[in-house]
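Notes follow the structure.
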Amino acid sequence: MRGRRRTARRAALVPRTRSSHDLAAGTVANFGFQSGTRIINLPVSFSIPKFAQGSLRMIANFAIGTLALAALLSCAAAPARAQTTPDLAALIDDLVVANHILYHQGVVDGFGHVSVRHPTVPGHFLMARALAPGRVTRDDILEFDADARPVKAGGPPVYAERFIHSEIYRVRPDVMAVIHSHSPTVIPFSVTQTKLQPLATTASFLSPSVPVFEMRQSAGMTNLLVDDTARGKALAEVLGAHPVALMRGHGDVVVGPSVRRAVSRAIYTEINARLELQAVMLGGPITFIAPEEAALMEKGRDAAQEGHGANRTWDMWKDEALRAAR
Ligand SMILES: [Zn+2]
């Protein structure tokens, strides 16, 4: 029974050709993402770049350029390939699903956004147009350059706080996904002297500390929005090498080596905050996860066997989010 339901829920890719977009990686045609009776339009990219569709000489130049770029990346950006480079279409699928999971799990509401680093264009990233995360489809995904400008000019409105993403990708080659949310339970820890610390195994990545971004230190009195490069840079400096930073009176930013890990971290950051509030209310000293314990828990987290690790929870959250979206 459970197996049949799962099979019925499994989404099918259905070719659709009524519109197309241009991403820097090449021509993108629309494909439908069918879930039950609902079809969400999603773009799928082809691997042949437009600029390689001319003469043989152009193709040869492209091949030489690609080899040179690959050689450069192998030396200069090796940490950025901590995960296997995913197929662009599959990555966009995960990005759309991430938006829905984060909404369904209460990490984002009408605000908040999630991005993934472009798998082949250095410095670029993919993120939805300005839209509530729970409504994002493939058609809403745009490509941004390293300065957070949409690659395709004249498009739809974009998120004001996209500079959070561009400035973190600029200084963190290990980061493949960035989430900014107004995750409600973390906000009290950004405005009080009580530090957010891991007390549950699932949030051991928060060890040994979670920095708090205080925008007044770099920009004085503001509207608290990270809506320009300078503010994004200041936030990225406070984040440092951490996976999570709180933003005073605002929310948090969570990063990861994959969009699935980033989503997991964002959800368990919110859960840990709830648990810590409960522990504080019980009174007395709290025994947090020790840094040594946290290091042991995080070690090998990505090398989990089939049925364990982030994919297990991802599949569950995805099923729940798609079911709720029908
Ligand atoms: Zn915000």
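Going by the structure tokens order, chains are called A, B, ..., each with residues numbered from 1, while ligands are numbered from 1 in the order shown.
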
Residues contacting ligand 1 - anything with an atom at most 8 Å away, using only C-alpha atoms and all ligand atoms - can you give me those as a CSV table (one decimal) with C-alpha atoms, in the first residue's frame?
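Result saved to selection-v2.csv:
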chain,number,residue,atom,x,y,z
A,111,PHE,CA,9.9,35.7,2.3
A,112,GLY,CA,13.2,34.0,2.1
A,161,GLU,CA,18.6,40.5,-0.9
A,180,HIS,CA,18.3,33.0,3.6
A,181,SER,CA,15.2,32.8,5.7
A,182,HIS,CA,13.3,34.6,8.5
A,225,LEU,CA,18.0,44.4,4.4
A,226,VAL,CA,21.2,43.0,2.7
A,250,HIS,CA,15.9,39.4,10.8
A,251,GLY,CA,16.7,35.6,10.4

| Which polymer residues have any atom within 9 Å of an atom of Ala146 of chain A, counting only C-alpha atoms, with same-chain residues fewer than 3 positions away left out, as JSON, numbers by chain? | {"A": [122, 123, 124, 125, 149, 166, 167, 169, 170]}

If you keep N, CA and C atoms, can you produce a file of those selected residues as a CSV table (one decimal), in the first residue's frame?
chain,number,residue,atom,x,y,z
A,122,PRO,N,31.5,29.7,-13.7
A,122,PRO,CA,32.1,30.1,-12.4
A,122,PRO,C,31.5,31.4,-11.9
A,123,GLY,N,31.2,31.5,-10.6
A,123,GLY,CA,30.7,32.7,-10.0
A,123,GLY,C,29.2,32.9,-10.2
A,124,HIS,N,28.6,32.2,-11.1
A,124,HIS,CA,27.1,32.4,-11.3
A,124,HIS,C,26.3,31.5,-10.4
A,125,PHE,N,25.1,31.9,-10.2
A,125,PHE,CA,24.2,31.1,-9.4
A,125,PHE,C,22.8,31.1,-9.9
A,149,ARG,N,23.6,40.2,-10.7
A,149,ARG,CA,22.8,40.7,-11.8
A,149,ARG,C,22.2,39.6,-12.6
A,166,SER,N,25.4,36.2,-3.7
A,166,SER,CA,26.6,36.5,-4.6
A,166,SER,C,27.9,36.7,-3.7
A,167,GLU,N,27.7,37.4,-2.6
A,167,GLU,CA,28.9,37.6,-1.8
A,167,GLU,C,29.4,36.4,-1.0
A,169,TYR,N,29.0,33.2,-2.2
A,169,TYR,CA,29.7,32.4,-3.3
A,169,TYR,C,31.1,32.9,-3.6
A,170,ARG,N,31.2,34.2,-3.6
A,170,ARG,CA,32.5,34.8,-4.0
A,170,ARG,C,33.6,34.4,-3.0

Per residue of segment 152-215 of chain A within 9 Å of segment 277-298 of chain A, which atom pair is closest and at what distance in Å (one decimal), using only C-alpha atoms, listed by chain and increasing number, as a Markdown table?
| residue | atom | partner | partner_atom | distance |
| --- | --- | --- | --- | --- |
| A:Thr185 | CA | A:Leu277 | CA | 8.4 |
| A:Gln197 | CA | A:Phe288 | CA | 6.8 |
| A:Pro198 | CA | A:Ile289 | CA | 5.7 |
| A:Leu199 | CA | A:Phe288 | CA | 4.5 |
| A:Ala200 | CA | A:Ile289 | CA | 7.0 |
| A:Thr201 | CA | A:Met297 | CA | 7.3 |
| A:Thr202 | CA | A:Met297 | CA | 8.6 |
| A:Ala203 | CA | A:Ala294 | CA | 8.6 |
| A:Ser204 | CA | A:Ala294 | CA | 4.8 |
| A:Phe205 | CA | A:Glu298 | CA | 6.5 |
| A:Leu206 | CA | A:Ala294 | CA | 8.3 |
| A:Ser207 | CA | A:Pro291 | CA | 5.8 |
| A:Pro208 | CA | A:Pro291 | CA | 5.5 |

For N, CA and C atoms, I'd like the residues from the last selection saved as a PDB file, in the first residue's frame.
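The new file part-v8.pdb reads:
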ATOM      1  N   THR A 185      12.102  30.825  14.902  1.00  0.00           N
ATOM      2  CA  THR A 185      12.593  30.548  16.251  1.00  0.00           C
ATOM      3  C   THR A 185      14.050  30.942  16.444  1.00  0.00           C
ATOM      4  N   GLN A 197      23.128  27.255  20.365  1.00  0.00           N
ATOM      5  CA  GLN A 197      24.153  26.201  20.421  1.00  0.00           C
ATOM      6  C   GLN A 197      23.490  24.850  20.177  1.00  0.00           C
ATOM      7  N   PRO A 198      24.236  23.892  19.649  1.00  0.00           N
ATOM      8  CA  PRO A 198      23.623  22.591  19.357  1.00  0.00           C
ATOM      9  C   PRO A 198      23.362  21.789  20.628  1.00  0.00           C
ATOM     10  N   LEU A 199      22.127  21.327  20.787  1.00  0.00           N
ATOM     11  CA  LEU A 199      21.840  20.415  21.897  1.00  0.00           C
ATOM     12  C   LEU A 199      21.220  19.125  21.393  1.00  0.00           C
ATOM     13  N   ALA A 200      21.038  19.025  20.057  1.00  0.00           N
ATOM     14  CA  ALA A 200      20.521  17.796  19.455  1.00  0.00           C
ATOM     15  C   ALA A 200      21.522  17.311  18.403  1.00  0.00           C
ATOM     16  N   THR A 201      21.615  16.014  18.246  1.00  0.00           N
ATOM     17  CA  THR A 201      22.602  15.445  17.319  1.00  0.00           C
ATOM     18  C   THR A 201      22.416  15.955  15.889  1.00  0.00           C
ATOM     19  N   THR A 202      21.153  16.172  15.516  1.00  0.00           N
ATOM     20  CA  THR A 202      20.870  16.579  14.139  1.00  0.00           C
ATOM     21  C   THR A 202      21.358  17.991  13.832  1.00  0.00           C
ATOM     22  N   ALA A 203      21.717  18.739  14.879  1.00  0.00           N
ATOM     23  CA  ALA A 203      22.175  20.112  14.670  1.00  0.00           C
ATOM     24  C   ALA A 203      23.632  20.274  15.084  1.00  0.00           C
ATOM     25  N   SER A 204      24.381  19.186  15.059  1.00  0.00           N
ATOM     26  CA  SER A 204      25.775  19.259  15.507  1.00  0.00           C
ATOM     27  C   SER A 204      26.630  20.172  14.630  1.00  0.00           C
ATOM     28  N   PHE A 205      26.174  20.448  13.412  1.00  0.00           N
ATOM     29  CA  PHE A 205      26.913  21.357  12.530  1.00  0.00           C
ATOM     30  C   PHE A 205      26.974  22.779  13.093  1.00  0.00           C
ATOM     31  N   LEU A 206      26.119  23.083  14.073  1.00  0.00           N
ATOM     32  CA  LEU A 206      26.137  24.421  14.678  1.00  0.00           C
ATOM     33  C   LEU A 206      27.334  24.621  15.610  1.00  0.00           C
ATOM     34  N   SER A 207      28.016  23.550  15.938  1.00  0.00           N
ATOM     35  CA  SER A 207      29.179  23.619  16.826  1.00  0.00           C
ATOM     36  C   SER A 207      30.378  24.143  16.050  1.00  0.00           C
ATOM     37  N   PRO A 208      31.270  24.910  16.670  1.00  0.00           N
ATOM     38  CA  PRO A 208      31.265  25.273  18.084  1.00  0.00           C
ATOM     39  C   PRO A 208      30.491  26.553  18.395  1.00  0.00           C
TER      40      PRO A 208
END

| task | Kindly indicate which residue among A:Ala325, A:Leu91, A:Ala266, A:Val255 lies nearest to Arg138 of chain A, using only C-alpha atoms for the distances. | result | A:Leu91

| task | Apply DSSP to the structure's backbone, then extract all residues of segment 75-237 of chain A labelled helix (DSSP H, G or I) and return them as a VMD selection string. | result | chain A and resid 75 to 76 78 to 81 88 to 104 133 to 135 138 to 140 160 to 171 184 to 191 201 to 206 216 to 219 229 to 237

| task | Name the residues of segment 107-305 of chain A that fall into strand (DSSP E) according to DSSP on the backbone, using the chain letters and numbers of this document, as a PyMOL selection string. | result | chain A and resi 113-117+125-128+141-144+177-181+212-213+244-247+251-256

| Near-segment 308-312 of chain A list (12 Å; only C-alpha atoms; drop same-chain fewer than 4 positions) as JSON, numbers by chain | {"A": [94, 202, 256, 257, 258, 259, 260, 261, 262, 263, 264, 265, 267, 268, 297, 298, 299, 300, 301, 302, 303, 304, 316, 317, 318, 319]}

Can I get the selection written as a PDB file, in the first residue's frame, with C-alpha atoms?
ATOM      1  CA  ASP A  94      16.282  20.114  -6.569  1.00  0.00           C
ATOM      2  CA  THR A 202      20.870  16.579  14.139  1.00  0.00           C
ATOM      3  CA  GLY A 256      26.042  23.815   2.464  1.00  0.00           C
ATOM      4  CA  PRO A 257      28.093  21.664   0.109  1.00  0.00           C
ATOM      5  CA  SER A 258      24.850  20.773  -1.695  1.00  0.00           C
ATOM      6  CA  VAL A 259      21.328  22.144  -1.763  1.00  0.00           C
ATOM      7  CA  ARG A 260      20.115  19.042   0.072  1.00  0.00           C
ATOM      8  CA  ARG A 261      22.573  19.540   2.920  1.00  0.00           C
ATOM      9  CA  ALA A 262      21.750  23.239   3.096  1.00  0.00           C
ATOM     10  CA  VAL A 263      18.031  22.483   3.327  1.00  0.00           C
ATOM     11  CA  SER A 264      18.668  19.918   6.059  1.00  0.00           C
ATOM     12  CA  ARG A 265      20.780  22.396   7.995  1.00  0.00           C
ATOM     13  CA  ILE A 267      15.433  22.856   9.014  1.00  0.00           C
ATOM     14  CA  TYR A 268      17.517  21.500  11.900  1.00  0.00           C
ATOM     15  CA  MET A 297      28.903  13.410  14.235  1.00  0.00           C
ATOM     16  CA  GLU A 298      29.703  15.602  11.265  1.00  0.00           C
ATOM     17  CA  LYS A 299      32.578  13.419  10.141  1.00  0.00           C
ATOM     18  CA  GLY A 300      31.372  11.278   7.303  1.00  0.00           C
ATOM     19  CA  ARG A 301      27.918  12.871   7.264  1.00  0.00           C
ATOM     20  CA  ASP A 302      28.137  13.112   3.454  1.00  0.00           C
ATOM     21  CA  ALA A 303      29.466   9.577   3.071  1.00  0.00           C
ATOM     22  CA  ALA A 304      26.355   8.000   4.535  1.00  0.00           C
ATOM     23  CA  MET A 316      10.596  12.403   3.011  1.00  0.00           C
ATOM     24  CA  TRP A 317      10.396  16.205   3.003  1.00  0.00           C
ATOM     25  CA  LYS A 318       9.989  16.194  -0.782  1.00  0.00           C
ATOM     26  CA  ASP A 319       7.086  13.718  -0.629  1.00  0.00           C
TER      27      ASP A 319
END

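With only C-alpha atoms as the atoms that count, the residue of A:Val191, A:Val121, A:Ile168, A:Leu322 with the shortest distance to Ala234 of chain A is A:Ile168.
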
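Using only C-alpha atoms for every distance, the candidate list A:Gly240, A:Gly307, A:Pro133, A:Pro119 yields A:Pro119 as the residue closest to Met176 of chain A.
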